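Text of start_19.pdb, listed as PDB, C-alpha atoms:
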```pdb
ATOM      1  CA  MET A   1     -17.653  13.590 -45.850
ATOM      2  CA  THR A   2     -18.319   9.892 -45.443
ATOM      3  CA  THR A   3     -16.203   7.079 -44.055
ATOM      4  CA  ASN A   4     -13.418   5.744 -46.257
ATOM      5  CA  LEU A   5     -14.723   2.315 -47.283
ATOM      6  CA  LEU A   6     -11.186   0.866 -47.434
ATOM      7  CA  GLY A   7      -9.675   2.709 -44.460
ATOM      8  CA  ASN A   8      -6.895   3.786 -46.829
ATOM      9  CA  ASN A   9      -6.530   5.875 -49.973
ATOM     10  CA  VAL A  10      -2.884   5.165 -50.865
ATOM     11  CA  ILE A  11      -2.553   3.516 -54.274
ATOM     12  CA  THR A  12       0.223   0.947 -53.858
ATOM     13  CA  GLN A  13       0.093  -0.664 -57.272
ATOM     14  CA  ILE A  14      -1.073  -0.240 -60.862
ATOM     15  CA  GLY A  15      -1.699  -3.561 -62.637
ATOM     16  CA  LEU A  16      -1.417  -3.857 -66.437
ATOM     17  CA  LEU A  17      -2.517  -6.802 -68.551
ATOM     18  CA  VAL A  18      -0.068  -7.822 -71.274
ATOM     19  CA  ASN A  19       0.104 -10.541 -73.915
ATOM     20  CA  ASP A  20       3.874 -11.046 -73.684
ATOM     21  CA  ILE A  21       5.394 -10.324 -70.284
ATOM     22  CA  GLU A  22       8.968 -10.812 -71.526
ATOM     23  CA  ARG A  23       8.553  -8.252 -74.251
ATOM     24  CA  THR A  24       6.771  -5.610 -72.157
ATOM     25  CA  SER A  25       9.145  -6.119 -69.208
ATOM     26  CA  GLN A  26      12.031  -5.445 -71.575
ATOM     27  CA  ALA A  27      10.293  -2.343 -72.931
ATOM     28  CA  TYR A  28       9.841  -0.954 -69.395
ATOM     29  CA  ALA A  29      13.434  -1.796 -68.480
ATOM     30  CA  ASN A  30      14.686  -0.003 -71.593
ATOM     31  CA  PHE A  31      12.416   3.001 -71.125
ATOM     32  CA  PHE A  32      13.215   3.626 -67.455
ATOM     33  CA  GLY A  33      16.839   2.429 -67.464
ATOM     34  CA  MET A  34      16.077  -0.364 -64.995
ATOM     35  CA  ASP A  35      17.086  -4.001 -64.827
ATOM     36  CA  LYS A  36      14.479  -6.312 -66.313
ATOM     37  CA  PRO A  37      12.907  -8.179 -63.381
ATOM     38  CA  ASN A  38      12.298 -11.903 -63.601
ATOM     39  CA  TRP A  39       8.641 -12.798 -63.994
ATOM     40  CA  PHE A  40       7.160 -15.613 -61.927
ATOM     41  CA  TRP A  41       3.960 -17.659 -61.940
ATOM     42  CA  THR A  42       1.270 -17.024 -59.343
ATOM     43  CA  ASP A  43       0.922 -19.937 -56.945
ATOM     44  CA  THR A  44      -0.503 -23.307 -57.960
ATOM     45  CA  PRO A  45      -4.260 -23.799 -57.437
ATOM     46  CA  ASP A  46      -3.821 -25.735 -54.168
ATOM     47  CA  VAL A  47      -2.064 -22.696 -52.642
ATOM     48  CA  ALA A  48      -3.823 -19.872 -54.492
ATOM     49  CA  GLN A  49      -7.369 -21.223 -53.975
ATOM     50  CA  THR A  50      -8.482 -18.834 -56.682
ATOM     51  CA  GLU A  51     -12.192 -18.091 -56.950
ATOM     52  CA  TYR A  52     -13.557 -16.265 -59.971
ATOM     53  CA  LEU A  53     -17.215 -15.207 -59.944
ATOM     54  CA  GLY A  54     -17.811 -17.539 -57.024
ATOM     55  CA  ASN A  55     -16.317 -20.642 -58.611
ATOM     56  CA  ALA A  56     -12.928 -22.287 -58.067
ATOM     57  CA  SER A  57     -10.598 -21.593 -60.990
ATOM     58  CA  GLU A  58      -7.234 -23.034 -61.958
ATOM     59  CA  ALA A  59      -6.284 -19.666 -63.463
ATOM     60  CA  ARG A  60      -2.715 -18.516 -62.992
ATOM     61  CA  ALA A  61      -0.723 -15.590 -64.344
ATOM     62  CA  LYS A  62       2.861 -14.592 -64.950
ATOM     63  CA  LEU A  63       3.706 -11.510 -62.873
ATOM     64  CA  ALA A  64       6.565  -8.996 -62.998
ATOM     65  CA  PHE A  65       7.009  -5.949 -60.752
ATOM     66  CA  PHE A  66       8.705  -2.609 -61.270
ATOM     67  CA  ASP A  67       9.368  -0.161 -58.425
ATOM     68  CA  MET A  68       8.170   3.198 -59.763
ATOM     69  CA  GLY A  69       9.084   5.298 -56.735
ATOM     70  CA  SER A  70       5.607   6.151 -55.541
ATOM     71  CA  LEU A  71       4.198   2.688 -56.164
ATOM     72  CA  GLN A  72       4.682  -0.660 -57.913
ATOM     73  CA  LEU A  73       3.827  -1.285 -61.515
ATOM     74  CA  GLU A  74       2.669  -4.890 -62.022
ATOM     75  CA  LEU A  75       2.642  -6.632 -65.389
ATOM     76  CA  ILE A  76       0.209  -9.560 -65.662
ATOM     77  CA  GLU A  77       0.145 -12.195 -68.410
ATOM     78  CA  PRO A  78      -2.734 -14.548 -67.621
ATOM     79  CA  ASP A  79      -3.136 -18.139 -68.724
ATOM     80  CA  HIS A  80      -6.343 -19.283 -70.478
ATOM     81  CA  HIS A  81      -8.356 -20.482 -67.489
ATOM     82  CA  PRO A  82     -11.282 -18.276 -66.418
ATOM     83  CA  SER A  83     -10.215 -15.122 -64.566
ATOM     84  CA  THR A  84     -10.820 -11.382 -64.526
ATOM     85  CA  TRP A  85      -7.349 -11.100 -66.076
ATOM     86  CA  ARG A  86      -8.226 -13.295 -69.078
ATOM     87  CA  LEU A  87     -11.688 -11.797 -69.578
ATOM     88  CA  SER A  88     -10.409  -8.227 -69.475
ATOM     89  CA  LEU A  89      -7.488  -8.993 -71.789
ATOM     90  CA  ASP A  90      -9.797 -10.721 -74.280
ATOM     91  CA  GLU A  91     -12.477  -8.024 -74.126
ATOM     92  CA  ASN A  92     -10.456  -4.828 -73.672
ATOM     93  CA  GLY A  93      -6.982  -5.760 -74.848
ATOM     94  CA  GLU A  94      -3.738  -4.833 -73.129
ATOM     95  CA  GLY A  95      -3.649  -1.984 -70.654
ATOM     96  CA  VAL A  96      -4.505  -1.018 -67.092
ATOM     97  CA  HIS A  97      -6.502  -3.658 -65.202
ATOM     98  CA  HIS A  98      -6.603  -2.334 -61.615
ATOM     99  CA  ILE A  99      -5.259  -0.043 -58.941
ATOM    100  CA  ALA A 100      -4.449  -1.651 -55.592
ATOM    101  CA  PHE A 101      -4.825  -0.622 -51.958
ATOM    102  CA  GLY A 102      -3.491  -2.272 -48.811
ATOM    103  CA  ILE A 103      -6.249  -3.182 -46.378
ATOM    104  CA  LYS A 104      -6.845  -5.051 -43.117
ATOM    105  CA  GLY A 105      -9.731  -7.488 -42.665
ATOM    106  CA  MET A 106     -10.396  -8.930 -46.100
ATOM    107  CA  LYS A 107     -13.767 -10.586 -45.409
ATOM    108  CA  GLU A 108     -15.184  -7.482 -43.749
ATOM    109  CA  LYS A 109     -13.947  -5.172 -46.512
ATOM    110  CA  ILE A 110     -15.421  -7.411 -49.226
ATOM    111  CA  ALA A 111     -18.750  -7.414 -47.382
ATOM    112  CA  VAL A 112     -18.729  -3.613 -47.011
ATOM    113  CA  LEU A 113     -18.031  -3.159 -50.721
ATOM    114  CA  GLU A 114     -20.681  -5.695 -51.739
ATOM    115  CA  GLY A 115     -23.113  -3.787 -49.554
ATOM    116  CA  ALA A 116     -22.157  -0.630 -51.461
ATOM    117  CA  GLY A 117     -22.966  -2.300 -54.793
ATOM    118  CA  MET A 118     -19.425  -3.312 -55.738
ATOM    119  CA  PRO A 119     -19.276  -7.101 -56.004
ATOM    120  CA  LEU A 120     -16.277  -9.384 -55.603
ATOM    121  CA  LEU A 121     -14.895 -10.531 -58.960
ATOM    122  CA  GLN A 122     -11.991 -12.742 -57.983
ATOM    123  CA  LYS A 123      -9.967 -13.599 -54.910
ATOM    124  CA  GLY A 124      -7.018 -15.746 -53.995
ATOM    125  CA  GLU A 125      -4.170 -16.414 -51.626
ATOM    126  CA  TYR A 126      -0.441 -15.912 -51.982
ATOM    127  CA  THR A 127       2.418 -16.653 -49.616
ATOM    128  CA  GLY A 128       2.042 -14.055 -46.873
ATOM    129  CA  GLY A 129      -1.347 -12.677 -47.804
ATOM    130  CA  ARG A 130      -4.419 -12.544 -50.006
ATOM    131  CA  TYR A 131      -6.020 -10.390 -52.677
ATOM    132  CA  ALA A 132      -9.457  -9.562 -54.008
ATOM    133  CA  TYR A 133     -10.549  -7.789 -57.169
ATOM    134  CA  ILE A 134     -13.686  -5.711 -56.769
ATOM    135  CA  ASP A 135     -15.979  -4.653 -59.607
ATOM    136  CA  SER A 136     -15.838  -0.932 -58.926
ATOM    137  CA  PHE A 137     -15.792  -0.020 -62.606
ATOM    138  CA  LYS A 138     -19.264   1.496 -62.808
ATOM    139  CA  GLU A 139     -18.541   3.899 -59.938
ATOM    140  CA  LEU A 140     -14.769   4.506 -60.119
ATOM    141  CA  LYS A 141     -14.009   3.730 -63.813
ATOM    142  CA  VAL A 142     -11.282   1.302 -62.758
ATOM    143  CA  LEU A 143     -11.198  -2.000 -60.858
ATOM    144  CA  ILE A 144      -9.937  -1.955 -57.281
ATOM    145  CA  GLU A 145      -7.664  -4.633 -55.855
ATOM    146  CA  LEU A 146      -7.543  -5.197 -52.113
ATOM    147  CA  LEU A 147      -4.235  -6.519 -50.780
ATOM    148  CA  GLU A 148      -3.902  -7.896 -47.266
ATOM    149  CA  ASN A 149      -0.447  -8.865 -46.099
ATOM    150  CA  ASP A 150      -0.225 -10.786 -42.807
TER     151      ASP A 150
ATOM    152  CA  MET B 151      20.793  -1.251 -68.118
ATOM    153  CA  THR B 152      20.150   1.706 -70.373
ATOM    154  CA  THR B 153      19.599   5.391 -69.620
ATOM    155  CA  ASN B 154      16.216   6.392 -68.229
ATOM    156  CA  LEU B 155      14.601   8.210 -71.160
ATOM    157  CA  LEU B 156      12.663  10.526 -68.831
ATOM    158  CA  GLY B 157      15.318  10.983 -66.127
ATOM    159  CA  ASN B 158      12.630   9.962 -63.630
ATOM    160  CA  ASN B 159      10.514   6.916 -62.867
ATOM    161  CA  VAL B 160       8.149   8.326 -60.220
ATOM    162  CA  ILE B 161       4.504   8.150 -61.316
ATOM    163  CA  THR B 162       2.950  11.401 -60.074
ATOM    164  CA  GLN B 163      -0.501  11.038 -61.560
ATOM    165  CA  ILE B 164      -3.022   8.585 -62.986
ATOM    166  CA  GLY B 165      -5.472  10.183 -65.430
ATOM    167  CA  LEU B 166      -8.950   8.727 -65.999
ATOM    168  CA  LEU B 167     -11.409   9.715 -68.700
ATOM    169  CA  VAL B 168     -15.003  10.093 -67.570
ATOM    170  CA  ASN B 169     -18.292  11.096 -69.174
ATOM    171  CA  ASP B 170     -19.651  12.935 -66.130
ATOM    172  CA  ILE B 171     -17.032  14.498 -63.867
ATOM    173  CA  GLU B 172     -19.575  15.555 -61.248
ATOM    174  CA  ARG B 173     -20.889  12.037 -60.869
ATOM    175  CA  THR B 174     -17.519  10.281 -60.772
ATOM    176  CA  SER B 175     -16.016  12.921 -58.448
ATOM    177  CA  GLN B 176     -18.883  12.268 -56.057
ATOM    178  CA  ALA B 177     -18.332   8.493 -56.326
ATOM    179  CA  TYR B 178     -14.630   8.896 -55.426
ATOM    180  CA  ALA B 179     -15.451  11.271 -52.584
ATOM    181  CA  ASN B 180     -17.989   8.789 -51.195
ATOM    182  CA  PHE B 181     -15.703   5.777 -51.629
ATOM    183  CA  PHE B 182     -12.625   7.291 -50.000
ATOM    184  CA  GLY B 183     -14.367   9.516 -47.458
ATOM    185  CA  MET B 184     -12.934  12.673 -48.985
ATOM    186  CA  ASP B 185     -14.414  16.048 -49.836
ATOM    187  CA  LYS B 186     -15.542  16.323 -53.445
ATOM    188  CA  PRO B 187     -13.087  18.658 -55.158
ATOM    189  CA  ASN B 188     -14.350  21.353 -57.503
ATOM    190  CA  TRP B 189     -13.664  20.604 -61.155
ATOM    191  CA  PHE B 190     -12.324  23.339 -63.386
ATOM    192  CA  TRP B 191     -11.885  23.880 -67.131
ATOM    193  CA  THR B 192      -8.414  23.661 -68.684
ATOM    194  CA  ASP B 193      -7.223  27.047 -69.954
ATOM    195  CA  THR B 194      -8.765  28.786 -72.964
ATOM    196  CA  PRO B 195      -7.088  28.120 -76.343
ATOM    197  CA  ASP B 196      -5.092  31.377 -76.297
ATOM    198  CA  VAL B 197      -3.381  30.259 -73.071
ATOM    199  CA  ALA B 198      -3.336  26.480 -73.584
ATOM    200  CA  GLN B 199      -2.053  26.604 -77.180
ATOM    201  CA  THR B 200      -3.159  22.991 -77.495
ATOM    202  CA  GLU B 201      -1.763  20.978 -80.374
ATOM    203  CA  TYR B 202      -3.239  17.579 -81.206
ATOM    204  CA  LEU B 203      -1.484  15.455 -83.845
ATOM    205  CA  GLY B 204       0.452  18.534 -84.968
ATOM    206  CA  ASN B 205      -2.563  20.811 -85.437
ATOM    207  CA  ALA B 206      -3.909  23.562 -83.214
ATOM    208  CA  SER B 207      -7.050  22.413 -81.383
ATOM    209  CA  GLU B 208      -9.613  24.296 -79.329
ATOM    210  CA  ALA B 209     -10.106  21.202 -77.180
ATOM    211  CA  ARG B 210     -10.614  21.736 -73.484
ATOM    212  CA  ALA B 211     -11.502  19.434 -70.608
ATOM    213  CA  LYS B 212     -12.984  19.593 -67.152
ATOM    214  CA  LEU B 213     -10.436  18.385 -64.587
ATOM    215  CA  ALA B 214     -10.720  17.281 -60.961
ATOM    216  CA  PHE B 215      -7.894  16.051 -58.736
ATOM    217  CA  PHE B 216      -7.789  13.701 -55.761
ATOM    218  CA  ASP B 217      -4.726  13.311 -53.542
ATOM    219  CA  MET B 218      -4.264   9.547 -53.197
ATOM    220  CA  GLY B 219      -1.257   9.606 -50.877
ATOM    221  CA  SER B 220       1.344   8.245 -53.263
ATOM    222  CA  LEU B 221       0.118  10.265 -56.249
ATOM    223  CA  GLN B 222      -2.738  12.312 -57.714
ATOM    224  CA  LEU B 223      -5.743  10.811 -59.382
ATOM    225  CA  GLU B 224      -7.013  13.083 -62.174
ATOM    226  CA  LEU B 225     -10.524  12.877 -63.628
ATOM    227  CA  ILE B 226     -10.879  14.265 -67.164
ATOM    228  CA  GLU B 227     -14.136  15.047 -68.951
ATOM    229  CA  PRO B 228     -13.212  16.331 -72.417
ATOM    230  CA  ASP B 229     -15.268  18.578 -74.675
ATOM    231  CA  HIS B 230     -15.989  17.550 -78.281
ATOM    232  CA  HIS B 231     -13.094  19.229 -80.064
ATOM    233  CA  PRO B 232     -10.326  16.927 -81.349
ATOM    234  CA  SER B 233      -8.030  15.637 -78.605
ATOM    235  CA  THR B 234      -6.461  12.428 -77.333
ATOM    236  CA  TRP B 235      -8.976  12.668 -74.486
ATOM    237  CA  ARG B 236     -11.994  12.709 -76.812
ATOM    238  CA  LEU B 237     -10.639  10.054 -79.174
ATOM    239  CA  SER B 238      -9.777   7.684 -76.353
ATOM    240  CA  LEU B 239     -13.123   8.218 -74.607
ATOM    241  CA  ASP B 240     -15.029   7.609 -77.864
ATOM    242  CA  GLU B 241     -12.953   4.577 -78.851
ATOM    243  CA  ASN B 242     -12.205   2.919 -75.514
ATOM    244  CA  GLY B 243     -14.819   4.324 -73.175
ATOM    245  CA  GLU B 244     -14.213   5.527 -69.656
ATOM    246  CA  GLY B 245     -11.123   4.439 -67.769
ATOM    247  CA  VAL B 246      -7.400   5.044 -67.417
ATOM    248  CA  HIS B 247      -5.961   7.371 -70.059
ATOM    249  CA  HIS B 248      -2.364   7.977 -68.896
ATOM    250  CA  ILE B 249       0.242   7.860 -66.171
ATOM    251  CA  ALA B 250       2.274  11.039 -65.649
ATOM    252  CA  PHE B 251       5.903  11.805 -64.830
ATOM    253  CA  GLY B 252       7.566  15.101 -63.925
ATOM    254  CA  ILE B 253      10.361  16.021 -66.312
ATOM    255  CA  LYS B 254      12.733  18.869 -67.114
ATOM    256  CA  GLY B 255      13.341  20.060 -70.690
ATOM    257  CA  MET B 256      10.116  19.348 -72.571
ATOM    258  CA  LYS B 257      11.381  19.848 -76.143
ATOM    259  CA  GLU B 258      14.417  17.631 -75.597
ATOM    260  CA  LYS B 259      12.387  14.891 -73.919
ATOM    261  CA  ILE B 260       9.793  14.898 -76.707
ATOM    262  CA  ALA B 261      12.613  14.623 -79.263
ATOM    263  CA  VAL B 262      14.244  11.736 -77.376
ATOM    264  CA  LEU B 263      10.954   9.844 -77.221
ATOM    265  CA  GLU B 264      10.150  10.472 -80.886
ATOM    266  CA  GLY B 265      13.623   9.126 -81.686
ATOM    267  CA  ALA B 266      12.711   6.021 -79.695
ATOM    268  CA  GLY B 267       9.555   5.493 -81.774
ATOM    269  CA  MET B 268       7.094   7.096 -79.368
ATOM    270  CA  PRO B 269       5.482  10.092 -81.095
ATOM    271  CA  LEU B 270       3.934  13.162 -79.513
ATOM    272  CA  LEU B 271       0.129  12.972 -79.457
ATOM    273  CA  GLN B 272      -0.871  16.227 -77.842
ATOM    274  CA  LYS B 273       0.736  19.090 -75.959
ATOM    275  CA  GLY B 274      -0.321  22.292 -74.287
ATOM    276  CA  GLU B 275       0.446  24.948 -71.725
ATOM    277  CA  TYR B 276      -1.060  25.674 -68.341
ATOM    278  CA  THR B 277      -0.336  28.383 -65.812
ATOM    279  CA  GLY B 278       3.062  27.450 -64.404
ATOM    280  CA  GLY B 279       4.015  24.716 -66.843
ATOM    281  CA  ARG B 280       3.286  22.513 -69.812
ATOM    282  CA  TYR B 281       2.321  18.929 -70.636
ATOM    283  CA  ALA B 282       2.737  16.438 -73.439
ATOM    284  CA  TYR B 283       1.023  13.119 -74.102
ATOM    285  CA  ILE B 284       3.255  10.537 -75.752
ATOM    286  CA  ASP B 285       2.011   7.541 -77.724
ATOM    287  CA  SER B 286       3.864   4.905 -75.712
ATOM    288  CA  PHE B 287       0.978   2.440 -75.886
ATOM    289  CA  LYS B 288       2.626  -0.103 -78.181
ATOM    290  CA  GLU B 289       5.655  -0.422 -75.919
ATOM    291  CA  LEU B 290       4.312   0.325 -72.408
ATOM    292  CA  LYS B 291       0.576  -0.528 -72.779
ATOM    293  CA  VAL B 292      -0.359   2.874 -71.391
ATOM    294  CA  LEU B 293       0.092   6.463 -72.549
ATOM    295  CA  ILE B 294       2.729   8.575 -70.818
ATOM    296  CA  GLU B 295       2.194  12.207 -69.886
ATOM    297  CA  LEU B 296       5.185  14.477 -69.385
ATOM    298  CA  LEU B 297       4.645  17.328 -66.919
ATOM    299  CA  GLU B 298       7.082  20.223 -66.673
ATOM    300  CA  ASN B 299       6.466  22.772 -63.943
ATOM    301  CA  ASP B 300       8.534  25.969 -64.102
TER     302      ASP B 300
END
```
Write the structure described by the file as structure tokens, please.
Amino acid sequence: MTTNLLGNNVITQIGLLVNDIERTSQAYANFFGMDKPNWFWTDTPDVAQTEYLGNASEARAKLAFFDMGSLQLELIEPDHHPSTWRLSLDENGEGVHHIAFGIKGMKEKIAVLEGAGMPLLQKGEYTGGRYAYIDSFKELKVLIELLEND
Amino acid sequence: MTTNLLGNNVITQIGLLVNDIERTSQAYANFFGMDKPNWFWTDTPDVAQTEYLGNASEARAKLAFFDMGSLQLELIEPDHHPSTWRLSLDENGEGVHHIAFGIKGMKEKIAVLEGAGMPLLQKGEYTGGRYAYIDSFKELKVLIELLEND
């Protein structure tokens, strides 16, 4: 047994990349007998302060959330600025992008993961918190998102 | 609002395809500070009665499970007989294969989903229950697994 690198193993979210958030939101609503949620844009660059591969990016995405009992399902339709969302959608097509975990201490957690060979891909701010996508694919076969809510 | 086609929206499992279940199990155990679970083979064909695209298949897979708080994470290393596991691993590489939901009434649920344009890909039995993979990718951008425990 080793120490849990995140301090948490509860998956709070599965994120899926989609080309048409309206269409896929409607498909989920129909399938699960739920109301179709309204999608919204991630914050503007001045608020989001998005960094992708170490550089500032104007990338934004449309997001929609479904409560799936055990966790949230997040649909993501990215714009065409550079981001892990856009790259993954262009290279791999639609489908699962990440699983997310709530954490405390974003800078420290990013440093721990970088030290373990899992580099930061993208980070940004949102009202009430911040996120980071970690390139954990080689080890875990899926990207990890860290979510820190204040 | 429509009727929930499954009668349930709680994701109980995320399934990931891997090439080396020992290696990825160890990576998860290290990352999350958990004991490495033992993997095991799915049942032999006489018990599993696996059908893939309507034909009997001898396909089996090594499975390992991690309890991630909100749900189970399942690692799947398939053998080389025909299966959705093998096809997806060969075509898409390692990564998320399905999300799973507990259901009651497997035959009826499969019929409902086929009627909604989502055909059965593969089904089989295991001690205490049965599973079915549904081709929901076009609509939901991920495959759905139905799990029925007796």
Grab the CA of Gly278 (chain B) to CA of Asn299 (chain B) distance for me, in Å with one decimal place. 5.8 Å
Counting only C-alpha atoms, which of B:Leu271, B:Ile253, B:Ala198, B:Leu263 gets nearest to chain A?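 When distances to chain A are compared using only C-alpha atoms, the smallest one comes from B:Leu263.
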One-decimal distance in Å that lies between CA of Lys291 (chain B) and CA of Asp67 (chain A):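 So the answer is 16.8 Å.
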Residue with smallest distance to Gln13 (chain A) - pool B:Ala282, B:Leu221, B:Ala261, B:Ala250, counting all atoms listed in the file: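 Going through B:Ala282, B:Leu221, B:Ala261, B:Ala250 one by one, the smallest distance to Gln13 (chain A) is for B:Leu221.
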Would you mind telling me which residue in B:Ser220, B:Asn188, B:Ser175, B:Asn205 lies nearest to chain A when using only C-alpha atoms?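 Looking at the shortest contact to chain A, the residue is B:Ser220.
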Any chance you could work out the residue set of the ChimeraX specification (/A :<10) & /B here, as a CSV table (one decimal) with C-alpha atoms, in the frame of the given file?
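Result file is part18.csv:
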```csv
chain,number,residue,atom,x,y,z
B,151,MET,CA,20.8,-1.3,-68.1
B,152,THR,CA,20.2,1.7,-70.4
B,153,THR,CA,19.6,5.4,-69.6
B,154,ASN,CA,16.2,6.4,-68.2
B,155,LEU,CA,14.6,8.2,-71.2
B,156,LEU,CA,12.7,10.5,-68.8
B,157,GLY,CA,15.3,11.0,-66.1
B,158,ASN,CA,12.6,10.0,-63.6
B,159,ASN,CA,10.5,6.9,-62.9
B,160,VAL,CA,8.1,8.3,-60.2
B,161,ILE,CA,4.5,8.2,-61.3
B,162,THR,CA,3.0,11.4,-60.1
B,163,GLN,CA,-0.5,11.0,-61.6
B,164,ILE,CA,-3.0,8.6,-63.0
B,166,LEU,CA,-9.0,8.7,-66.0
B,167,LEU,CA,-11.4,9.7,-68.7
B,168,VAL,CA,-15.0,10.1,-67.6
B,173,ARG,CA,-20.9,12.0,-60.9
B,174,THR,CA,-17.5,10.3,-60.8
B,175,SER,CA,-16.0,12.9,-58.4
B,176,GLN,CA,-18.9,12.3,-56.1
B,177,ALA,CA,-18.3,8.5,-56.3
B,178,TYR,CA,-14.6,8.9,-55.4
B,179,ALA,CA,-15.5,11.3,-52.6
B,180,ASN,CA,-18.0,8.8,-51.2
B,181,PHE,CA,-15.7,5.8,-51.6
B,182,PHE,CA,-12.6,7.3,-50.0
B,183,GLY,CA,-14.4,9.5,-47.5
B,184,MET,CA,-12.9,12.7,-49.0
B,185,ASP,CA,-14.4,16.0,-49.8
B,186,LYS,CA,-15.5,16.3,-53.4
B,216,PHE,CA,-7.8,13.7,-55.8
B,217,ASP,CA,-4.7,13.3,-53.5
B,218,MET,CA,-4.3,9.5,-53.2
B,219,GLY,CA,-1.3,9.6,-50.9
B,220,SER,CA,1.3,8.2,-53.3
B,221,LEU,CA,0.1,10.3,-56.2
B,222,GLN,CA,-2.7,12.3,-57.7
B,223,LEU,CA,-5.7,10.8,-59.4
B,225,LEU,CA,-10.5,12.9,-63.6
B,242,ASN,CA,-12.2,2.9,-75.5
B,243,GLY,CA,-14.8,4.3,-73.2
B,244,GLU,CA,-14.2,5.5,-69.7
B,245,GLY,CA,-11.1,4.4,-67.8
B,246,VAL,CA,-7.4,5.0,-67.4
B,247,HIS,CA,-6.0,7.4,-70.1
B,248,HIS,CA,-2.4,8.0,-68.9
B,249,ILE,CA,0.2,7.9,-66.2
B,263,LEU,CA,11.0,9.8,-77.2
B,266,ALA,CA,12.7,6.0,-79.7
B,286,SER,CA,3.9,4.9,-75.7
B,287,PHE,CA,1.0,2.4,-75.9
B,288,LYS,CA,2.6,-0.1,-78.2
B,289,GLU,CA,5.7,-0.4,-75.9
B,290,LEU,CA,4.3,0.3,-72.4
B,291,LYS,CA,0.6,-0.5,-72.8
B,292,VAL,CA,-0.4,2.9,-71.4
B,293,LEU,CA,0.1,6.5,-72.5
```
Point-to-point distance in Å for CA of Glu224 (chain B) and CA of Leu147 (chain A):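 Separating CA of Leu147 (chain A) from CA of Glu224 (chain B) is a distance of 22.8 Å.
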Residue contacts of Ala211 (chain B) (6 Å, all atoms listed in the file) excluding same-chain residues fewer than 2 positions away, as JSON, numbers by chain: {"B": [191, 192, 227, 228, 229]}
So, counting only C-alpha atoms, which residue among B:Asp193, B:Gly204, B:Ile226, B:Glu298 is closest to Ser238 (chain B)?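 Checking each candidate against Ser238 (chain B), we get B:Ile226 as the closest.
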How would you write, as a list in words, the residues chosen by the PyMOL selection byres ((chain B and resi 233) around 10) on this structure?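 For this structure, the PyMOL selection byres ((chain B and resi 233) around 10) resolves to Thr200, Glu201, Tyr202, Leu203, Ser207, Glu208, Ala209, Arg210, Ala211, Pro228, Asp229, His230, His231, Pro232, Thr234, Trp235, Arg236, Leu237, Ser238, Leu239, Leu271, Gln272 and Lys273 of chain B.
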Gln199 (chain B) environment, 8 Å, all atoms listed in the file, sequence neighbours closer than 6 positions dropped, as a PyMOL selection string: chain B and resi 206-207+274-275
Choose the residue, out of A:Ile144, A:Gly15, A:Asp20, A:Thr44, that has the smallest atom-to-atom separation from Phe65 (chain A); count all atoms listed in the file. A:Gly15
Which is closer to Glu108 (chain A) than all the others in A:Leu63, A:Asp46, A:Leu146, A:Gly129, using only C-alpha atoms? A:Leu146
